[in-house]
$ cat data_5.cif   # mmCIF, C-alpha atoms and all ligand atoms
data_my_file
#
loop_
_atom_site.label_atom_id
_atom_site.label_comp_id
_atom_site.auth_asym_id
_atom_site.auth_seq_id
_atom_site.Cartn_x
_atom_site.Cartn_y
_atom_site.Cartn_z
CA MET A 1 -82.28 -48.96 -67.57
CA SER A 2 -80.75 -49.79 -64.19
CA LYS A 3 -81.05 -47.10 -61.53
CA THR A 4 -78.06 -46.65 -59.29
CA CYS A 5 -78.69 -46.21 -55.59
CA LEU A 6 -76.35 -43.48 -54.38
CA LYS A 7 -76.91 -44.00 -50.64
CA ASP A 8 -73.66 -44.06 -48.64
CA MET A 9 -71.59 -43.11 -51.69
CA THR A 10 -69.12 -40.22 -51.43
CA ALA A 11 -68.89 -37.08 -53.54
CA LEU A 12 -66.57 -34.11 -53.85
CA VAL A 13 -68.29 -30.94 -55.10
CA THR A 14 -66.12 -27.94 -55.92
CA GLY A 15 -67.87 -24.60 -55.56
CA GLY A 16 -70.30 -26.19 -53.11
CA SER A 17 -70.71 -22.97 -51.13
CA ARG A 18 -73.32 -21.33 -53.39
CA GLY A 19 -75.02 -21.34 -56.79
CA ILE A 20 -75.13 -24.58 -58.77
CA GLY A 21 -72.67 -26.39 -56.46
CA ARG A 22 -74.84 -25.77 -53.39
CA ALA A 23 -77.95 -27.03 -55.25
CA VAL A 24 -76.05 -30.17 -56.32
CA ALA A 25 -74.81 -30.72 -52.75
CA ARG A 26 -78.39 -30.53 -51.42
CA LYS A 27 -79.70 -33.10 -53.93
CA LEU A 28 -76.78 -35.44 -53.30
CA ALA A 29 -77.44 -35.19 -49.55
CA ASP A 30 -81.13 -35.98 -50.19
CA HIS A 31 -79.93 -39.21 -51.86
CA GLY A 32 -77.76 -40.15 -48.85
CA VAL A 33 -74.40 -39.19 -50.38
CA ASN A 34 -71.62 -38.14 -47.98
CA LEU A 35 -70.00 -34.91 -49.08
CA MET A 36 -66.80 -32.93 -49.28
CA LEU A 37 -67.38 -29.34 -50.44
CA VAL A 38 -64.73 -26.92 -51.68
CA GLY A 39 -64.70 -23.12 -51.81
CA ARG A 40 -62.77 -20.12 -50.51
CA ASN A 41 -65.43 -18.62 -48.27
CA LEU A 42 -65.48 -20.30 -44.84
CA LYS A 43 -68.74 -18.68 -43.69
CA LYS A 44 -70.64 -19.79 -46.79
CA LEU A 45 -69.31 -23.35 -46.51
CA GLU A 46 -70.31 -23.44 -42.82
CA ALA A 47 -73.78 -22.22 -43.78
CA VAL A 48 -74.20 -25.06 -46.31
CA GLN A 49 -72.92 -27.57 -43.73
CA ARG A 50 -75.53 -26.26 -41.23
CA ASP A 51 -78.25 -26.36 -43.89
CA LEU A 52 -77.48 -30.04 -44.60
CA SER A 53 -77.11 -31.05 -40.94
CA THR A 54 -80.60 -32.62 -40.84
CA LYS A 55 -79.99 -34.85 -43.88
CA ASN A 56 -78.29 -37.77 -42.12
CA VAL A 57 -75.11 -37.61 -44.23
CA LYS A 58 -71.56 -36.53 -43.43
CA VAL A 59 -70.69 -33.07 -44.76
CA PHE A 60 -67.09 -31.81 -44.65
CA PHE A 61 -65.48 -28.90 -46.42
CA CYS A 62 -62.04 -27.70 -47.54
CA VAL A 63 -61.33 -23.98 -47.70
CA GLU A 64 -59.02 -23.82 -50.70
CA ASP A 65 -58.26 -21.53 -53.64
CA LEU A 66 -58.33 -23.73 -56.73
CA ALA A 67 -55.96 -21.33 -58.47
CA ASP A 68 -53.26 -22.94 -56.30
CA ALA A 69 -51.78 -25.89 -58.25
CA GLN A 70 -51.09 -27.73 -54.98
CA ALA A 71 -54.71 -27.48 -53.77
CA PRO A 72 -56.19 -30.44 -55.73
CA ALA A 73 -53.79 -32.98 -54.17
CA ARG A 74 -54.56 -31.64 -50.66
CA ILE A 75 -58.31 -31.71 -51.36
CA ILE A 76 -58.35 -35.30 -52.62
CA ARG A 77 -56.14 -36.44 -49.72
CA GLU A 78 -58.46 -34.83 -47.18
CA THR A 79 -61.57 -36.15 -48.95
CA VAL A 80 -60.35 -39.73 -48.83
CA GLU A 81 -59.18 -39.38 -45.22
CA ARG A 82 -62.54 -37.96 -44.10
CA LEU A 83 -64.93 -40.00 -46.28
CA GLY A 84 -62.94 -43.22 -46.68
CA GLY A 85 -62.95 -43.15 -50.50
CA LEU A 86 -64.40 -41.29 -53.45
CA ASP A 87 -67.15 -42.27 -55.91
CA ILE A 88 -68.23 -38.99 -57.51
CA LEU A 89 -66.28 -35.88 -58.51
CA ILE A 90 -68.25 -32.80 -59.53
CA ASN A 91 -65.91 -30.21 -61.07
CA ASN A 92 -68.22 -27.22 -60.72
CA ALA A 93 -66.23 -24.27 -59.34
CA ALA A 94 -65.27 -21.59 -61.84
CA VAL A 95 -64.82 -17.87 -62.19
CA GLY A 96 -66.23 -15.65 -64.90
CA MET A 97 -64.79 -12.50 -66.38
CA VAL A 98 -66.07 -9.82 -68.73
CA ALA A 99 -63.42 -7.99 -70.78
CA PRO A 100 -62.31 -7.80 -74.40
CA LEU A 101 -59.32 -10.03 -75.07
CA THR A 102 -57.22 -6.96 -75.89
CA GLU A 103 -57.86 -5.73 -72.32
CA THR A 104 -57.25 -9.09 -70.61
CA SER A 105 -53.98 -9.23 -68.68
CA VAL A 106 -51.73 -12.27 -68.55
CA GLU A 107 -52.49 -12.55 -64.80
CA GLN A 108 -56.26 -12.59 -65.46
CA TRP A 109 -55.82 -15.14 -68.26
CA ASP A 110 -53.63 -17.41 -66.14
CA ARG A 111 -55.94 -17.24 -63.12
CA ILE A 112 -59.10 -18.10 -65.05
CA MET A 113 -57.35 -20.97 -66.83
CA ALA A 114 -55.98 -22.20 -63.48
CA VAL A 115 -59.38 -22.27 -61.72
CA ASN A 116 -61.63 -23.30 -64.62
CA ALA A 117 -59.41 -25.75 -66.53
CA ARG A 118 -56.25 -26.73 -64.64
CA ALA A 119 -58.01 -27.45 -61.33
CA PRO A 120 -60.56 -29.89 -62.87
CA PHE A 121 -57.66 -31.62 -64.68
CA LEU A 122 -55.60 -31.95 -61.48
CA LEU A 123 -58.58 -32.95 -59.31
CA SER A 124 -59.52 -35.64 -61.85
CA LYS A 125 -55.93 -36.90 -62.04
CA GLU A 126 -55.64 -37.11 -58.24
CA ALA A 127 -59.11 -38.65 -57.87
CA ILE A 128 -58.82 -41.39 -60.49
CA PRO A 129 -56.88 -43.92 -58.35
CA TYR A 130 -59.77 -43.76 -55.82
CA LEU A 131 -62.53 -43.67 -58.45
CA ARG A 132 -61.05 -46.87 -59.94
CA LYS A 133 -61.73 -48.62 -56.61
CA SER A 134 -65.38 -47.53 -56.56
CA ARG A 135 -68.17 -49.91 -57.66
CA CYS A 136 -69.77 -47.07 -59.67
CA SER A 137 -67.82 -43.88 -60.22
CA SER A 138 -68.45 -40.71 -62.17
CA ILE A 139 -66.89 -37.36 -62.95
CA ILE A 140 -69.22 -34.55 -63.99
CA ASN A 141 -67.65 -31.38 -65.34
CA ILE A 142 -69.79 -28.25 -65.41
CA SER A 143 -68.87 -26.39 -68.58
CA SER A 144 -71.02 -23.76 -70.32
CA VAL A 145 -72.49 -22.85 -73.68
CA VAL A 146 -69.21 -20.97 -74.10
CA GLY A 147 -67.48 -24.37 -74.07
CA TYR A 148 -68.42 -24.59 -77.75
CA LYS A 149 -69.56 -21.04 -78.69
CA GLY A 150 -67.65 -17.76 -78.51
CA TYR A 151 -69.24 -14.82 -76.71
CA ILE A 152 -67.81 -11.36 -77.25
CA ASN A 153 -66.12 -9.91 -74.11
CA GLN A 154 -65.91 -13.38 -72.52
CA GLY A 155 -62.68 -14.46 -74.26
CA ALA A 156 -60.70 -15.79 -71.28
CA TYR A 157 -63.78 -17.51 -69.79
CA THR A 158 -64.60 -18.99 -73.22
CA ALA A 159 -61.05 -20.27 -73.68
CA SER A 160 -61.08 -21.87 -70.22
CA LYS A 161 -64.35 -23.71 -70.93
CA HIS A 162 -63.08 -24.88 -74.34
CA ALA A 163 -60.05 -26.28 -72.51
CA LEU A 164 -62.33 -28.04 -70.01
CA MET A 165 -64.35 -29.54 -72.89
CA GLY A 166 -61.21 -30.83 -74.61
CA MET A 167 -59.90 -32.34 -71.40
CA THR A 168 -63.30 -33.98 -70.73
CA LYS A 169 -63.48 -35.59 -74.19
CA VAL A 170 -60.10 -37.26 -73.81
CA LEU A 171 -60.46 -38.21 -70.13
CA ALA A 172 -63.84 -39.84 -70.77
CA GLN A 173 -62.18 -42.18 -73.29
CA GLU A 174 -59.04 -42.84 -71.26
CA VAL A 175 -60.88 -43.99 -68.10
CA TYR A 176 -63.86 -45.69 -69.77
CA LYS A 177 -62.15 -49.08 -69.41
CA ASP A 178 -62.00 -48.47 -65.65
CA ASN A 179 -65.80 -48.13 -65.53
CA ILE A 180 -65.48 -44.41 -64.69
CA ARG A 181 -68.06 -42.37 -66.60
CA VAL A 182 -67.13 -38.79 -67.43
CA HIS A 183 -69.90 -36.38 -68.41
CA VAL A 184 -70.10 -32.69 -69.20
CA ILE A 185 -73.09 -30.40 -68.64
CA SER A 186 -73.11 -27.20 -70.70
CA PRO A 187 -75.69 -24.73 -69.41
CA GLY A 188 -76.77 -21.34 -70.67
CA GLY A 189 -77.68 -18.67 -68.11
CA VAL A 190 -78.33 -19.99 -64.58
CA ASP A 191 -79.78 -17.94 -61.72
CA THR A 192 -76.57 -17.46 -59.67
CA GLU A 193 -74.22 -14.64 -58.68
CA MET A 194 -71.91 -15.47 -61.59
CA LEU A 195 -74.64 -14.86 -64.16
CA TYR A 196 -75.60 -11.40 -62.90
CA ASP A 197 -71.92 -10.39 -62.65
CA MET A 198 -71.52 -11.25 -66.35
CA ARG A 199 -75.06 -10.59 -67.69
CA PRO A 200 -76.81 -7.99 -65.49
CA ASP A 201 -79.42 -7.57 -68.26
CA LEU A 202 -80.99 -10.99 -67.55
CA LYS A 203 -83.77 -11.61 -64.98
CA PRO A 204 -84.35 -14.72 -62.81
CA SER A 205 -87.61 -15.50 -64.67
CA GLU A 206 -85.64 -15.79 -67.96
CA VAL A 207 -82.91 -18.18 -66.83
CA ILE A 208 -82.33 -21.74 -65.59
CA SER A 209 -82.62 -22.42 -61.86
CA PRO A 210 -79.64 -24.07 -60.08
CA ASP A 211 -82.01 -26.89 -59.03
CA GLU A 212 -82.63 -27.74 -62.70
CA ILE A 213 -78.90 -28.25 -63.22
CA ALA A 214 -78.75 -30.29 -60.01
CA ASP A 215 -81.61 -32.48 -61.34
CA ILE A 216 -79.56 -33.18 -64.48
CA VAL A 217 -76.55 -34.10 -62.35
CA MET A 218 -78.73 -36.53 -60.39
CA PHE A 219 -80.13 -38.02 -63.62
CA LEU A 220 -76.61 -38.69 -64.94
CA LEU A 221 -75.53 -40.25 -61.65
CA THR A 222 -78.57 -42.45 -61.11
CA HIS A 223 -79.32 -43.66 -64.67
CA ARG A 224 -76.50 -45.99 -65.51
CA GLY A 225 -77.81 -48.17 -68.28
CA ASN A 226 -76.47 -49.18 -71.70
CA GLY A 227 -77.23 -45.76 -73.13
CA VAL A 228 -74.41 -43.46 -72.10
CA ILE A 229 -74.70 -39.66 -72.16
CA ASP A 230 -71.46 -37.81 -72.86
CA GLU A 231 -72.80 -34.26 -72.82
CA ILE A 232 -76.00 -32.43 -71.93
CA ASN A 233 -76.63 -28.93 -73.30
CA ILE A 234 -79.32 -26.87 -71.62
CA ARG A 235 -80.38 -23.40 -72.69
CA ARG A 236 -82.27 -20.71 -70.80
CA VAL A 237 -85.98 -20.42 -71.64
CA SER A 238 -85.54 -16.88 -73.02
CA ASN A 239 -83.08 -18.08 -75.70
CA SER A 240 -84.24 -19.54 -79.02
CA PRO A 241 -84.05 -23.29 -79.65
CA TRP A 242 -80.83 -24.33 -81.45
CA LYS A 243 -79.15 -20.91 -81.01
P1 LIG O 1 -71.21 -18.94 -58.55
O1 LIG O 1 -72.55 -18.76 -57.96
O2 LIG O 1 -70.34 -17.76 -58.80
O3 LIG O 1 -70.41 -20.01 -57.66
C1 LIG O 1 -69.08 -20.33 -57.96
C2 LIG O 1 -68.59 -21.32 -56.95
O4 LIG O 1 -67.22 -21.63 -57.24
C3 LIG O 1 -68.64 -20.77 -55.53
O5 LIG O 1 -68.97 -21.80 -54.63
C4 LIG O 1 -67.21 -20.31 -55.31
O6 LIG O 1 -66.90 -20.35 -53.94
C5 LIG O 1 -66.41 -21.35 -56.11
N1 LIG O 1 -65.13 -20.82 -56.54
C6 LIG O 1 -64.91 -19.80 -57.42
N2 LIG O 1 -63.60 -19.56 -57.53
C7 LIG O 1 -62.97 -20.45 -56.73
C8 LIG O 1 -61.62 -20.70 -56.42
N3 LIG O 1 -60.62 -19.97 -56.95
N4 LIG O 1 -61.32 -21.69 -55.55
C9 LIG O 1 -62.31 -22.42 -54.98
N5 LIG O 1 -63.61 -22.24 -55.24
C10 LIG O 1 -63.95 -21.26 -56.10
O7 LIG O 1 -71.29 -19.65 -59.96
P2 LIG O 1 -72.28 -20.75 -60.57
O8 LIG O 1 -73.12 -20.07 -61.56
O9 LIG O 1 -72.90 -21.60 -59.52
O10 LIG O 1 -71.21 -21.59 -61.41
C11 LIG O 1 -71.01 -22.98 -61.25
C12 LIG O 1 -70.52 -23.55 -62.56
O11 LIG O 1 -71.52 -23.38 -63.56
C13 LIG O 1 -69.26 -22.87 -63.11
O12 LIG O 1 -68.42 -23.85 -63.67
C14 LIG O 1 -69.79 -21.96 -64.21
O13 LIG O 1 -68.82 -21.69 -65.19
C15 LIG O 1 -70.92 -22.82 -64.73
N6 LIG O 1 -71.93 -22.10 -65.47
C16 LIG O 1 -72.66 -21.10 -64.88
C17 LIG O 1 -73.59 -20.42 -65.63
C18 LIG O 1 -74.44 -19.34 -65.06
O14 LIG O 1 -75.14 -18.65 -65.82
N7 LIG O 1 -74.45 -19.13 -63.74
C19 LIG O 1 -73.80 -20.75 -66.99
C20 LIG O 1 -73.04 -21.75 -67.55
C21 LIG O 1 -72.11 -22.43 -66.79
P3 LIG O 1 -66.06 -19.21 -53.18
O15 LIG O 1 -66.52 -17.90 -53.67
O16 LIG O 1 -66.34 -19.51 -51.74
O17 LIG O 1 -64.65 -19.50 -53.52
#

$ encode --input "data_5.cif" --output "structure tokens"
Amino acid sequence: MSKTCLKDMTALVTGGSRGIGRAVARKLADHGVNLMLVGRNLKKLEAVQRDLSTKNVKVFFCVEDLADAQAPARIIRETVERLGGLDILINNAAVGMVAPLTETSVEQWDRIMAVNARAPFLLSKEAIPYLRKSRCSSIINISSVVGYKGYINQGAYTASKHALMGMTKVLAQEVYKDNIRVHVISPGGVDTEMLYDMRPDLKPSEVISPDEIADIVMFLLTHRGNGVIDEINIRRVSNSPWK
């Protein structure tokens, strides 16, 4: 299998300010990838930029709310202006929500669909003209086990991840001829703020670390042989196999 060298490539990571996105940003920087990070919290983005300042890569950020339908076009424009192109798009940012569907408002439903499903669609659409110009381009969408299961009290979140899965399956086929590989990673519980907001009963020792998800992202990006991985499912250690 050929191993792709990522040095001097460019990546956009949404939700790069904390959790899985920050872990992915660190590993990409370790491989020499120049970065654009997206989030809403300026201080957290500045902290990640400072943290990566010794890594000998360029790190920029956009403070944007991905619920805004105009944000993806602005983000891709700024990414290409700052980094000179785009090779890798990591659609990672998302919001969770715990409520029965009967108690979910239309505003809550629309917002979660906008951030978790519409934004990855629009970012991909805006990025593809630049990804087509890359010698080796990839989109990785971070879904969830709820992208194919249904968890009680997570109806809106579940619907948004099912939408992301559907979009990923079609996009992967539509841009395959352009040598753009589209992958989806579907984790169970990961040790981040989102998990404990939604599942306060779980402990760090029972769940996946953000670095483990980042390692899988790096595997997908660096192993570009004739065997192509569409999806990787990863469960937390405290869950049964095949559940
Ligand atoms: P997290 O710690 O809550 O981080 C979420 C990230 O997304 C933050 O950087 C946040 O930045 C950004 N974000 C959220 N809403 C945004 C918005 N409207 N506009 C721009 N940025 C926004 O969550 P995480 O666990 O790392 O989640 C990362 C991905 O993994 C998500 O797609 C999630 O669904 C998926 N996932 C997580 C778990 C888990 O157990 N943690 C399991 C399966 C799948 P700001 O707050 O600065 O905006």

$ atom_distance --input "data_5.cif" --atom1 "atom CA of A:Gly96" --atom2 "atom CA of A:Ala23"
19.0 Å

$ residues_around --input "data_5.cif" --residues "A:Gly21" --least-positions-apart "2" --cutoff "9 Å" --atoms "only C-alpha atoms" --output "NGL selection string"
:A and (13-19 or 23-26 or 37 or 90 or 92-93 or 210 or 214)

$ write_last_selection --input "data_5.cif" --atoms "C-alpha atoms" --output "compact mmCIF listing (two decimals), in the coordinates of the input"
# COMPACT_ATOMS: atom_id res chain seq x y z
CA VAL A 13 -68.29 -30.94 -55.10
CA THR A 14 -66.12 -27.94 -55.92
CA GLY A 15 -67.87 -24.60 -55.56
CA GLY A 16 -70.30 -26.19 -53.11
CA SER A 17 -70.71 -22.97 -51.13
CA ARG A 18 -73.32 -21.33 -53.39
CA GLY A 19 -75.02 -21.34 -56.79
CA ALA A 23 -77.95 -27.03 -55.25
CA VAL A 24 -76.05 -30.17 -56.32
CA ALA A 25 -74.81 -30.72 -52.75
CA ARG A 26 -78.39 -30.53 -51.42
CA LEU A 37 -67.38 -29.34 -50.44
CA ILE A 90 -68.25 -32.80 -59.53
CA ASN A 92 -68.22 -27.22 -60.72
CA ALA A 93 -66.23 -24.27 -59.34
CA PRO A 210 -79.64 -24.07 -60.08
CA ALA A 214 -78.75 -30.29 -60.01

$ axis_aligned_box --input "data_5.cif" --around "stretch 60-68 of chain A" --padding-each-side "4 Å" --output "lines of an AutoDock Vina configuration file"
center_x = -60.2
center_y = -26.6
center_z = -51.6
size_x = 21.8
size_y = 18.5
size_z = 21.8

$ residues_around --input "data_5.cif" --residues "A:Gly147" --least-positions-apart "5" --cutoff "12 Å" --atoms "all atoms listed in the file" --output "PDB file with C-alpha atoms, keeping the file's coordinate frame"
ATOM      1  CA  ASN A 116     -61.630 -23.300 -64.620  1.00  0.00           C
ATOM      2  CA  ALA A 117     -59.410 -25.750 -66.530  1.00  0.00           C
ATOM      3  CA  ASN A 141     -67.650 -31.380 -65.340  1.00  0.00           C
ATOM      4  CA  ILE A 142     -69.790 -28.250 -65.410  1.00  0.00           C
ATOM      5  CA  GLN A 154     -65.910 -13.380 -72.520  1.00  0.00           C
ATOM      6  CA  GLY A 155     -62.680 -14.460 -74.260  1.00  0.00           C
ATOM      7  CA  ALA A 156     -60.700 -15.790 -71.280  1.00  0.00           C
ATOM      8  CA  TYR A 157     -63.780 -17.510 -69.790  1.00  0.00           C
ATOM      9  CA  THR A 158     -64.600 -18.990 -73.220  1.00  0.00           C
ATOM     10  CA  ALA A 159     -61.050 -20.270 -73.680  1.00  0.00           C
ATOM     11  CA  SER A 160     -61.080 -21.870 -70.220  1.00  0.00           C
ATOM     12  CA  LYS A 161     -64.350 -23.710 -70.930  1.00  0.00           C
ATOM     13  CA  HIS A 162     -63.080 -24.880 -74.340  1.00  0.00           C
ATOM     14  CA  ALA A 163     -60.050 -26.280 -72.510  1.00  0.00           C
ATOM     15  CA  LEU A 164     -62.330 -28.040 -70.010  1.00  0.00           C
ATOM     16  CA  MET A 165     -64.350 -29.540 -72.890  1.00  0.00           C
ATOM     17  CA  GLY A 166     -61.210 -30.830 -74.610  1.00  0.00           C
ATOM     18  CA  MET A 167     -59.900 -32.340 -71.400  1.00  0.00           C
ATOM     19  CA  THR A 168     -63.300 -33.980 -70.730  1.00  0.00           C
ATOM     20  CA  LYS A 169     -63.480 -35.590 -74.190  1.00  0.00           C
ATOM     21  CA  VAL A 184     -70.100 -32.690 -69.200  1.00  0.00           C
ATOM     22  CA  ILE A 185     -73.090 -30.400 -68.640  1.00  0.00           C
ATOM     23  CA  SER A 186     -73.110 -27.200 -70.700  1.00  0.00           C
ATOM     24  CA  PRO A 187     -75.690 -24.730 -69.410  1.00  0.00           C
ATOM     25  CA  GLY A 188     -76.770 -21.340 -70.670  1.00  0.00           C
ATOM     26  CA  GLU A 231     -72.800 -34.260 -72.820  1.00  0.00           C
ATOM     27  CA  ILE A 232     -76.000 -32.430 -71.930  1.00  0.00           C
ATOM     28  CA  ASN A 233     -76.630 -28.930 -73.300  1.00  0.00           C
TER      29      ASN A 233
END

$ closest_residue --input "data_5.cif" --among "A:Pro129, A:Gly32, A:Gly85, A:Pro204" --to "ligand LIG 1 (chain O)" --atoms "all atoms listed in the file"
A:Pro204

$ residues_around --input "data_5.cif" --residues "A:Leu89" --least-positions-apart "6" --cutoff "9 Å" --atoms "all atoms listed in the file" --output "PyMOL selection string"
chain A and resi 10-14+123-124+127+131+137-141

$ closest_residue --input "data_5.cif" --among "A:Ala99, A:Val63, A:Ala29, A:Ile75" --to "ligand LIG 1 (chain O)" --atoms "all atoms listed in the file"
A:Val63

$ atom_distance --input "data_5.cif" --atom1 "atom CA of A:Ala94" --atom2 "atom CA of A:Ala69"
14.6 Å

$ residues_around --input "data_5.cif" --residues "A:Arg77" --least-positions-apart "4" --cutoff "9 Å" --atoms "only C-alpha atoms" --output "ChimeraX atom specification"
/A:72-73,81-82,126-127

$ closest_residue --input "data_5.cif" --among "A:Asn239, A:Thr104, A:Gln49, A:Ser144" --to "ligand LIG 1 (chain O)" --atoms "all atoms listed in the file"
A:Ser144
